[in-house]
Structure formats: C-alpha cells, structure tokens
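Novice: So that you have it, the file is target.txt, and it contains compact mmCIF, C-alpha atoms:
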# COMPACT_ATOMS: atom_id res chain seq x y z
CA MET A 1 44.53 22.93 -64.02
CA THR A 2 42.53 20.01 -62.65
CA THR A 3 41.22 17.60 -65.29
CA ALA A 4 37.48 16.98 -65.05
CA PRO A 5 36.41 13.33 -64.77
CA SER A 6 35.45 11.91 -68.16
CA ILE A 7 33.51 8.67 -68.22
CA GLN A 8 33.67 8.69 -72.02
CA ALA A 9 37.47 8.57 -71.96
CA VAL A 10 37.37 5.65 -69.52
CA LYS A 11 34.79 3.79 -71.61
CA ASP A 12 36.87 4.23 -74.75
CA TYR A 13 39.97 2.88 -73.02
CA PHE A 14 38.15 -0.13 -71.58
CA LEU A 15 36.56 -1.02 -74.92
CA ASN A 16 39.91 -0.84 -76.73
CA LEU A 17 41.52 -2.93 -73.99
CA GLN A 18 38.76 -5.54 -74.28
CA ALA A 19 39.30 -5.83 -78.04
CA SER A 20 43.08 -6.12 -77.67
CA ILE A 21 42.95 -8.81 -74.97
CA CYS A 22 40.36 -10.90 -76.81
CA LYS A 23 42.35 -10.76 -80.06
CA THR A 24 45.58 -11.85 -78.34
CA LEU A 25 43.99 -14.71 -76.42
CA GLU A 26 42.20 -16.00 -79.52
CA GLU A 27 45.56 -16.14 -81.31
CA ILE A 28 47.11 -18.09 -78.43
CA ASP A 29 44.24 -20.56 -78.21
CA GLY A 30 44.34 -21.08 -81.96
CA ASP A 31 40.79 -22.40 -82.36
CA ALA A 32 38.05 -20.99 -80.13
CA ILE A 33 36.85 -17.41 -80.55
CA PHE A 34 35.13 -14.95 -78.24
CA SER A 35 31.40 -14.41 -78.60
CA VAL A 36 30.29 -10.83 -79.27
CA GLU A 37 27.11 -9.31 -77.83
CA ASN A 38 25.97 -5.72 -77.42
CA ILE A 39 23.19 -5.40 -74.87
CA GLU A 40 21.58 -2.04 -74.14
CA THR A 41 20.74 -1.58 -70.48
CA ASN A 42 18.53 0.76 -68.48
CA GLY A 43 19.26 4.47 -68.64
CA GLY A 44 21.41 4.29 -71.75
CA GLY A 45 24.02 1.84 -70.51
CA LEU A 46 25.76 -0.88 -72.48
CA SER A 47 26.89 -4.39 -71.68
CA ARG A 48 29.38 -6.03 -74.05
CA PRO A 49 30.13 -9.53 -72.74
CA ARG A 50 32.70 -11.58 -74.61
CA VAL A 51 33.13 -15.25 -73.70
CA ILE A 52 35.37 -17.97 -75.10
CA ASP A 53 34.62 -21.64 -74.38
CA ASN A 54 36.06 -25.09 -74.90
CA GLY A 55 39.22 -24.17 -76.73
CA PRO A 56 42.30 -26.39 -76.88
CA HIS A 57 44.12 -24.09 -74.43
CA ILE A 58 41.39 -21.90 -72.89
CA GLU A 59 38.60 -23.95 -71.37
CA ARG A 60 36.65 -20.85 -70.32
CA GLY A 61 37.45 -17.18 -70.60
CA ALA A 62 35.42 -14.00 -70.22
CA VAL A 63 36.34 -10.39 -70.95
CA GLN A 64 33.36 -8.25 -70.01
CA PHE A 65 32.72 -4.55 -70.57
CA THR A 66 29.85 -2.74 -68.89
CA HIS A 67 28.65 0.83 -68.74
CA SER A 68 25.98 1.08 -66.07
CA VAL A 69 23.62 3.98 -65.34
CA GLY A 70 21.46 3.94 -62.23
CA ASP A 71 19.44 6.01 -59.80
CA SER A 72 20.99 4.47 -56.70
CA LEU A 73 24.28 2.70 -56.00
CA PRO A 74 23.87 -0.99 -55.10
CA PRO A 75 24.93 -1.86 -51.51
CA ALA A 76 28.06 -3.65 -52.75
CA ALA A 77 29.28 -0.32 -54.17
CA SER A 78 28.19 1.98 -51.35
CA GLY A 79 28.87 -0.21 -48.31
CA ARG A 80 32.32 1.34 -47.75
CA ASN A 81 30.95 4.84 -48.50
CA PRO A 82 27.49 5.01 -46.94
CA HIS A 83 27.28 8.74 -47.63
CA LEU A 84 27.00 7.87 -51.35
CA ALA A 85 24.03 5.52 -50.92
CA GLY A 86 20.89 6.54 -52.78
CA ARG A 87 22.69 8.75 -55.29
CA GLY A 88 22.61 8.44 -59.06
CA PHE A 89 25.69 7.09 -60.78
CA GLN A 90 27.44 5.93 -63.90
CA ALA A 91 30.00 3.14 -63.84
CA ALA A 92 32.33 1.79 -66.50
CA ALA A 93 34.14 -1.49 -65.93
CA ILE A 94 36.12 -4.21 -67.62
CA SER A 95 36.56 -7.57 -65.92
CA MET A 96 38.21 -10.73 -67.15
CA ILE A 97 39.00 -14.27 -66.13
CA MET A 98 40.90 -17.05 -67.88
CA HIS A 99 40.52 -20.71 -66.89
CA PRO A 100 43.13 -22.58 -68.97
CA ARG A 101 42.64 -26.22 -69.84
CA ASN A 102 46.16 -27.24 -68.79
CA PRO A 103 46.50 -27.58 -64.98
CA TYR A 104 50.06 -26.26 -65.18
CA ALA A 105 48.78 -22.95 -66.58
CA PRO A 106 47.35 -20.72 -63.84
CA THR A 107 43.98 -19.05 -63.78
CA PHE A 108 44.16 -15.29 -63.91
CA HIS A 109 41.73 -12.50 -63.11
CA ALA A 110 41.78 -8.76 -63.72
CA ASN A 111 39.28 -5.94 -63.46
CA LEU A 112 39.27 -2.17 -63.72
CA ARG A 113 36.39 0.14 -62.88
CA PHE A 114 35.38 3.78 -62.64
CA PHE A 115 32.42 5.26 -60.77
CA LEU A 116 31.02 8.75 -61.33
CA ILE A 117 28.37 9.59 -58.76
CA ASP A 118 26.01 12.54 -59.22
CA ASN A 119 28.64 14.01 -61.59
CA GLU A 120 30.46 14.99 -58.42
CA HIS A 121 32.20 12.12 -56.63
CA TRP A 122 34.38 9.70 -58.62
CA HIS A 123 36.81 6.89 -57.95
CA PHE A 124 38.74 4.12 -59.70
CA GLY A 125 39.46 0.55 -58.59
CA GLY A 126 40.66 -2.82 -59.81
CA GLY A 127 43.83 -4.83 -60.21
CA PHE A 128 44.96 -8.32 -61.22
CA ASP A 129 45.81 -11.56 -59.43
CA LEU A 130 47.15 -15.02 -60.31
CA THR A 131 45.81 -18.40 -59.15
CA PRO A 132 48.18 -21.29 -59.95
CA TYR A 133 47.51 -24.97 -59.31
CA TYR A 134 51.05 -26.24 -59.91
CA PRO A 135 53.10 -23.09 -59.34
CA PHE A 136 56.49 -22.26 -60.83
CA ALA A 137 58.78 -19.76 -59.14
CA GLU A 138 59.71 -18.13 -62.46
CA ASP A 139 56.04 -17.54 -63.27
CA VAL A 140 55.24 -15.97 -59.91
CA LEU A 141 58.37 -13.82 -60.07
CA HIS A 142 57.50 -12.65 -63.59
CA TRP A 143 53.93 -11.84 -62.54
CA HIS A 144 55.06 -9.67 -59.63
CA ARG A 145 57.82 -7.97 -61.60
CA VAL A 146 55.25 -6.83 -64.14
CA ALA A 147 52.97 -5.72 -61.30
CA GLU A 148 55.84 -3.72 -59.84
CA SER A 149 56.56 -2.13 -63.22
CA ALA A 150 52.93 -0.97 -63.46
CA CYS A 151 53.33 0.91 -60.18
CA ALA A 152 56.90 2.19 -60.65
CA PRO A 153 56.05 5.49 -62.43
CA PHE A 154 53.88 6.67 -59.53
CA SER A 155 55.60 6.21 -56.17
CA PRO A 156 58.33 3.97 -54.72
CA ASP A 157 56.00 2.26 -52.27
CA LEU A 158 52.94 1.88 -54.49
CA TYR A 159 53.60 -1.73 -55.50
CA SER A 160 53.98 -2.84 -51.86
CA ARG A 161 50.79 -0.97 -50.92
CA LEU A 162 48.69 -2.50 -53.71
CA LYS A 163 50.25 -5.95 -53.23
CA LYS A 164 49.30 -5.90 -49.53
CA TRP A 165 45.78 -4.76 -50.44
CA CYS A 166 45.54 -7.64 -52.93
CA ASP A 167 46.74 -10.20 -50.38
CA GLU A 168 44.11 -8.99 -47.93
CA TYR A 169 41.22 -8.88 -50.43
CA PHE A 170 41.76 -12.19 -52.26
CA TYR A 171 41.63 -14.21 -49.08
CA LEU A 172 39.12 -16.94 -48.25
CA SER A 173 38.57 -16.20 -44.57
CA HIS A 174 36.35 -19.27 -44.15
CA ARG A 175 39.29 -21.40 -45.35
CA GLN A 176 41.99 -19.21 -43.85
CA GLU A 177 43.95 -19.33 -47.09
CA PRO A 178 44.76 -16.96 -49.96
CA ARG A 179 43.09 -17.53 -53.32
CA GLY A 180 46.46 -17.58 -55.06
CA VAL A 181 49.74 -15.67 -55.19
CA GLY A 182 48.26 -12.20 -55.41
CA GLY A 183 49.18 -9.25 -57.55
CA LEU A 184 47.66 -5.76 -57.29
CA PHE A 185 44.39 -4.40 -55.90
CA PHE A 186 43.10 -0.87 -55.29
CA ASP A 187 39.69 0.62 -54.55
CA ASP A 188 38.03 4.00 -53.97
CA TRP A 189 41.13 5.48 -55.62
CA ARG A 190 41.44 9.24 -56.14
CA GLU A 191 45.10 9.93 -55.36
CA GLY A 192 46.54 12.82 -57.36
CA GLY A 193 43.26 13.70 -59.05
CA PHE A 194 41.45 12.22 -62.02
CA GLU A 195 44.25 12.19 -64.58
CA ALA A 196 46.81 10.64 -62.23
CA SER A 197 44.31 8.02 -61.10
CA PHE A 198 43.36 7.25 -64.70
CA ASP A 199 47.07 6.97 -65.56
CA LEU A 200 47.50 4.33 -62.86
CA THR A 201 44.45 2.46 -64.14
CA ARG A 202 45.84 2.46 -67.67
CA SER A 203 49.29 1.47 -66.46
CA ILE A 204 47.81 -1.65 -64.85
CA GLY A 205 45.50 -2.39 -67.78
CA ASP A 206 48.29 -2.04 -70.34
CA ARG A 207 50.35 -4.67 -68.52
CA ILE A 208 47.71 -7.38 -68.18
CA LEU A 209 48.86 -9.21 -71.30
CA ASP A 210 52.53 -8.62 -70.44
CA ALA A 211 51.93 -10.30 -67.09
CA TYR A 212 49.91 -13.30 -68.23
CA VAL A 213 50.75 -14.21 -71.83
CA PRO A 214 54.36 -15.37 -71.23
CA ILE A 215 53.15 -17.67 -68.44
CA LEU A 216 50.34 -19.13 -70.54
CA GLU A 217 52.69 -19.65 -73.48
CA ARG A 218 55.22 -21.47 -71.27
CA ARG A 219 52.68 -23.85 -69.69
CA LYS A 220 49.86 -24.47 -72.17
CA ASP A 221 51.53 -27.46 -73.84
CA THR A 222 52.95 -29.13 -70.71
CA ALA A 223 52.08 -32.82 -70.51
CA TYR A 224 49.53 -33.69 -67.80
CA GLY A 225 47.21 -36.49 -66.78
CA GLU A 226 44.08 -37.29 -64.81
CA ARG A 227 45.74 -36.60 -61.44
CA GLU A 228 46.65 -33.03 -62.41
CA THR A 229 43.21 -32.36 -63.88
CA GLU A 230 41.47 -33.60 -60.74
CA PHE A 231 43.59 -31.32 -58.56
CA GLN A 232 42.90 -28.40 -60.89
CA LEU A 233 39.15 -29.02 -60.60
CA TYR A 234 39.40 -29.29 -56.81
CA ARG A 235 41.23 -25.97 -56.57
CA ARG A 236 38.76 -24.36 -58.97
CA GLY A 237 36.18 -25.03 -56.28
CA ARG A 238 38.04 -22.50 -54.11
CA TYR A 239 37.75 -20.01 -56.94
CA ALA A 240 34.00 -20.54 -57.12
CA GLU A 241 33.71 -20.16 -53.33
CA PHE A 242 35.48 -16.80 -53.44
CA ASN A 243 33.34 -15.47 -56.28
CA LEU A 244 30.07 -16.49 -54.66
CA ALA A 245 30.80 -15.86 -50.97
CA ILE A 246 33.21 -12.92 -50.92
CA ASP A 247 33.71 -11.05 -54.17
CA ARG A 248 32.17 -7.58 -54.16
CA GLY A 249 32.12 -7.49 -57.96
CA THR A 250 29.84 -10.52 -58.15
CA ARG A 251 27.53 -9.03 -55.53
CA TYR A 252 27.51 -5.71 -57.35
CA GLY A 253 26.57 -7.39 -60.62
CA ILE A 254 23.68 -9.26 -59.03
CA GLN A 255 22.46 -6.26 -57.02
CA SER A 256 22.62 -3.92 -60.01
CA GLY A 257 20.37 -6.17 -62.09
CA ARG A 258 22.93 -7.14 -64.70
CA ARG A 259 22.19 -10.20 -66.81
CA ILE A 260 23.09 -13.16 -64.60
CA GLU A 261 24.73 -15.05 -67.48
CA SER A 262 27.24 -12.21 -67.79
CA VAL A 263 27.80 -11.91 -64.05
CA LEU A 264 28.57 -15.61 -63.64
CA ALA A 265 30.55 -16.05 -66.87
CA SER A 266 33.71 -15.82 -64.76
CA MET A 267 32.90 -19.09 -63.01
CA PRO A 268 34.98 -22.13 -63.98
CA PRO A 269 33.17 -24.44 -66.44
CA ARG A 270 34.02 -27.45 -64.23
CA ALA A 271 34.92 -27.80 -60.56
CA ILE A 272 34.72 -30.44 -57.83
CA TRP A 273 34.60 -30.50 -54.04
CA LYS A 274 36.11 -33.24 -51.88
CA TYR A 275 35.34 -33.73 -48.22
CA ASN A 276 38.29 -32.94 -45.94
CA TRP A 277 40.88 -33.59 -48.63
CA GLN A 278 44.55 -33.02 -47.76
CA PRO A 279 47.55 -33.23 -50.11
CA GLU A 280 50.05 -35.99 -49.49
CA ALA A 281 53.16 -34.68 -47.75
CA GLY A 282 55.96 -33.98 -50.21
CA SER A 283 53.68 -34.29 -53.25
CA PRO A 284 53.55 -31.75 -56.10
CA GLU A 285 50.11 -30.74 -54.84
CA ALA A 286 51.51 -30.04 -51.36
CA VAL A 287 53.95 -27.51 -52.84
CA LEU A 288 51.06 -25.14 -53.53
CA TYR A 289 49.97 -25.20 -49.89
CA ASP A 290 53.39 -25.31 -48.26
CA GLU A 291 55.20 -22.70 -50.35
CA TYR A 292 52.76 -20.53 -52.30
CA LEU A 293 49.45 -20.06 -50.49
CA LYS A 294 50.86 -17.44 -48.15
CA SER A 295 51.73 -13.78 -48.24
CA ARG A 296 55.39 -13.50 -49.25
CA ASP A 297 57.80 -10.89 -50.58
CA TRP A 298 57.95 -12.62 -53.94
CA LEU A 299 60.38 -10.19 -55.55
CA SER A 300 63.12 -10.65 -52.98
CA GLU A 301 62.49 -14.31 -52.10
CA LEU A 302 62.32 -15.68 -55.64
CA ALA A 303 64.82 -13.43 -57.42
Could you take the file, read its structure, and then write that structure out as structure tokens?

Specialist:
Amino acid sequence: MTTAPSIQAVKDYFLNLQASICKTLEEIDGDAIFSVENIETNGGGLSRPRVIDNGPHIERGAVQFTHSVGDSLPPAASGRNPHLAGRGFQAAAISMIMHPRNPYAPTFHANLRFFLIDNEHWHFGGGFDLTPYYPFAEDVLHWHRVAESACAPFSPDLYSRLKKWCDEYFYLSHRQEPRGVGGLFFDDWREGGFEASFDLTRSIGDRILDAYVPILERRKDTAYGERETEFQLYRRGRYAEFNLAIDRGTRYGIQSGRRIESVLASMPPRAIWKYNWQPEAGSPEAVLYDEYLKSRDWLSELA
C-alpha cells in the first residue's frame, strides 16, 4: 500500500531535529545559547528561527524551521518545474549553518525540505556540505564516510549520485571554484514513493551531528593567530557570494516573503574581500586551493 504524503510527520521530524541540534551545539560551545522565536505566518504557517551568536567556539550559527503556506509557488521553487507555477502549496524546511570562531574548524551547512503542492504533487530535497579554510584530510574523509553511510541503506550508487549533485550545485561559476569539499545534495526527490523518500531525508538528517561534531570538537581549540583569522574572513566572502548570487534557498526565502532577518541569518557575521588576492605558493592557505577546492573521490583518495 502506498503511504500518503504527510506534511505533519515531516514537520514533527524537522522540529525534533532542530531541538536536538541546537542542544548539542550549545553544549559544545559552552556559553552562548540559541534564541527562540515562534512567528506565525500567512495561511497558518510557522517560522521558528533559532540563532546563536558570539560564543567562544561558534561565532554565528542558525538552525531555522519554517512551515510555509501559500497560494502560488515562488519562482525559485517552480523554475525547474514550470507546470507547478501558480499552484497552492505547503512547505516544511529546516536549514542550518555554523560559522565557527576558530579558522581551523570548517563552516558547515545543511538543509532538508518537503513541498506538498495542491495536495497532489510532492517532493523532498536537501543535503549537507562542508566548507573548510584550513582543511585536514581526516576531517574530509570522516565527513564523506558519514555521507556515504547515510546513503548506504538505499542503493549502492546513491552516495556517488548525491555527491556529484552536491559538487555541481555548490559551485561558484563566476569564480570557477567549488564552495568547499562537498557532501550530499538532492532535489525534486520522489524515488520509491513518499515513505522511501522520507526515509532518505531522515537518514541524512540523523547523521548531521555525526558528520560535523567530531570535526568541530577536534579543531575548536587549535591555536591560531591574525593570519588565520584574516584568511578565514576572506574565504567567508566566498560563502556570502554563493548565498546571495546563486543559492536557490536564499532566493526562495526572499521571494516567499519570509522575514529577511531569518533568511539572512545564515550569513557570516564578519567577512572581507581583497582585490585579486592569491595565496603564496607552498603556504598553508595554498593547500586549500591546490588540493581541496576540486571535485575528488575523497573516499578512495584519502583512505
């Protein structure tokens, strides 16, 4: 028997995941706590943004839940499916970003979403990706091993499919460089029906902390100085460029009329741009460009 799509089940999962991730990250930071807001939106929707700022280990973090109800899909959500334009919808989503204070700890991003359109068409999407500044092979290998484990119960080639999709999506075409070292990405996902697609979404969501926490714990107390911070801020500029120029989620949030403070909470609290800057050959900063900002088979090359 085919399971009918249930937006309530998805909402419940996303809200529980939000609470779990915020609790764990507060414990790791040790000082700062996430804000809590409940904002009712048009048509009976709910926005629950949670933001942490200026902690000893997390300089800025956001874990945002939204349940949106609308009469017409925004262009960012219907551009790939023009036949769905102009139709009423509900959407549930959780999105998160962590900008650690320590330059040796990478930024990470994850989001999961579900659209139910006219109570007829539905699809899932999301994933997670890692953006290091001073990368470590063991961290990148761990990240991709967890990503692979999230896909393993479903099909032998699923990890490679979603990794390739991630590499292609998180790419700054105007810079001709990846945003980071990738992870998983999927969109318009309906494979196997609702329950199988929801299982994949939960499998990825349940591994977000497994993927990131060990890396953050390893790097958050590493000694660093002004040079490392300046490079971190420079590379954060790339992150801001991607969010503002490319990311469909940011465009969707703006087009759907969500509160702009919530939409842009994922932006780094500080960033800098330098004109025509290039890393010195052989420097620690050059390692990022020479070895990591490229699509690679991380599991076989780093194992």

Novice: List as a tab-separated table every residue of stretch 30-92 of chain A that is in contact with stretch 106-121 of chain A, defined as an atom at most 7 Å from one of its atoms (using only C-alpha atoms), together with the nearest atom pair and the distance in Å rounded to one decimal, sorted by chain and then rising number.

Specialist:
residue	atom	partner	partner_atom	distance
A:Arg87	CA	A:Asp118	CA	6.4
A:Gly88	CA	A:Asp118	CA	5.3
A:Phe89	CA	A:Ile117	CA	4.2
A:Gln90	CA	A:Leu116	CA	5.2
A:Ala91	CA	A:Phe115	CA	4.4
A:Ala92	CA	A:Phe114	CA	5.3

Novice: Nearest residue to A:Val146 out of A:Ser300, A:Ser203, A:Thr229, A:Ser256, using all atoms listed in the file?

Specialist: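 So, comparing all the options, the nearest one is A:Ser203.
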
Novice: Taking into account all atoms listed in the file, which residue in the set A:Leu200, A:Ala4, A:Val287, A:Ala150 is nearest to A:Pro132?

Specialist: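 For A:Pro132, the nearest of the candidates is A:Val287.
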
Novice: Compare A:Glu40, A:Asp12, A:Glu168, A:Asp290 by their minimum atom-to-atom distance to A:Arg258, counting all atoms listed in the file, and give me the closest one.

Specialist: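 Among the listed residues, the smallest separation from A:Arg258 belongs to A:Glu40.
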
Novice: Show which residues sit within 9 Å of A:Lys220, as a list in words. Count all atoms listed in the file, and ignore same-chain residues fewer than 3 positions away.

Specialist: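 Residues meeting the cut-off are His57, Ile58, Pro100, Arg101, Asn102, Pro103, Tyr104, Ala105, Ile215, Leu216, Glu217 and Ala223 of chain A.
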
Novice: Find the spatial neighbours of A:Phe65, counting all atoms listed in the file, within a cut-off of 8 Å - ignore same-chain residues fewer than 4 positions away - and output them as a VMD selection string.

Specialist: chain A and resid 14 to 15 18 47 to 49 92 to 95

Novice: Using all atoms listed in the file, which of the listed residues (A:Phe198, A:Tyr169, A:Phe136, A:Tyr234) sits closest to A:Arg218?

Specialist: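 With all atoms listed in the file as the atom set, the closest residue is A:Phe136.
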
Novice: Atom CA of A:Arg248 and atom CA of A:Leu184, how far apart in Å?

Specialist: 15.9 Å

Novice: Leaving out A:Gly237 and any residue of its chain fewer than 3 positions from it, which residues lie within 12 Å of it when counting only C-alpha atoms, given as a ChimeraX atom specification?

Specialist: /A:133,172,175,179,230-234,240-245,267-275

Novice: So how many Å separate atom CA of A:Leu162 and atom CA of A:Gln255, to one decimal?

Specialist: 26.7 Å

Novice: Work out how far atom CA of A:Pro135 is from atom CA of A:Ile33, in Å to one decimal.

Specialist: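 For atom CA of A:Ile33 relative to atom CA of A:Pro135, the distance reads 27.3 Å.
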
Novice: Which polymer residues have any atom within 12 Å of an atom of A:Ser283, counting all atoms listed in the file, with same-chain residues fewer than 5 positions away left out, as JSON, numbers by chain?

Specialist: {"A": [134, 227, 228, 231, 278, 288, 289, 290]}
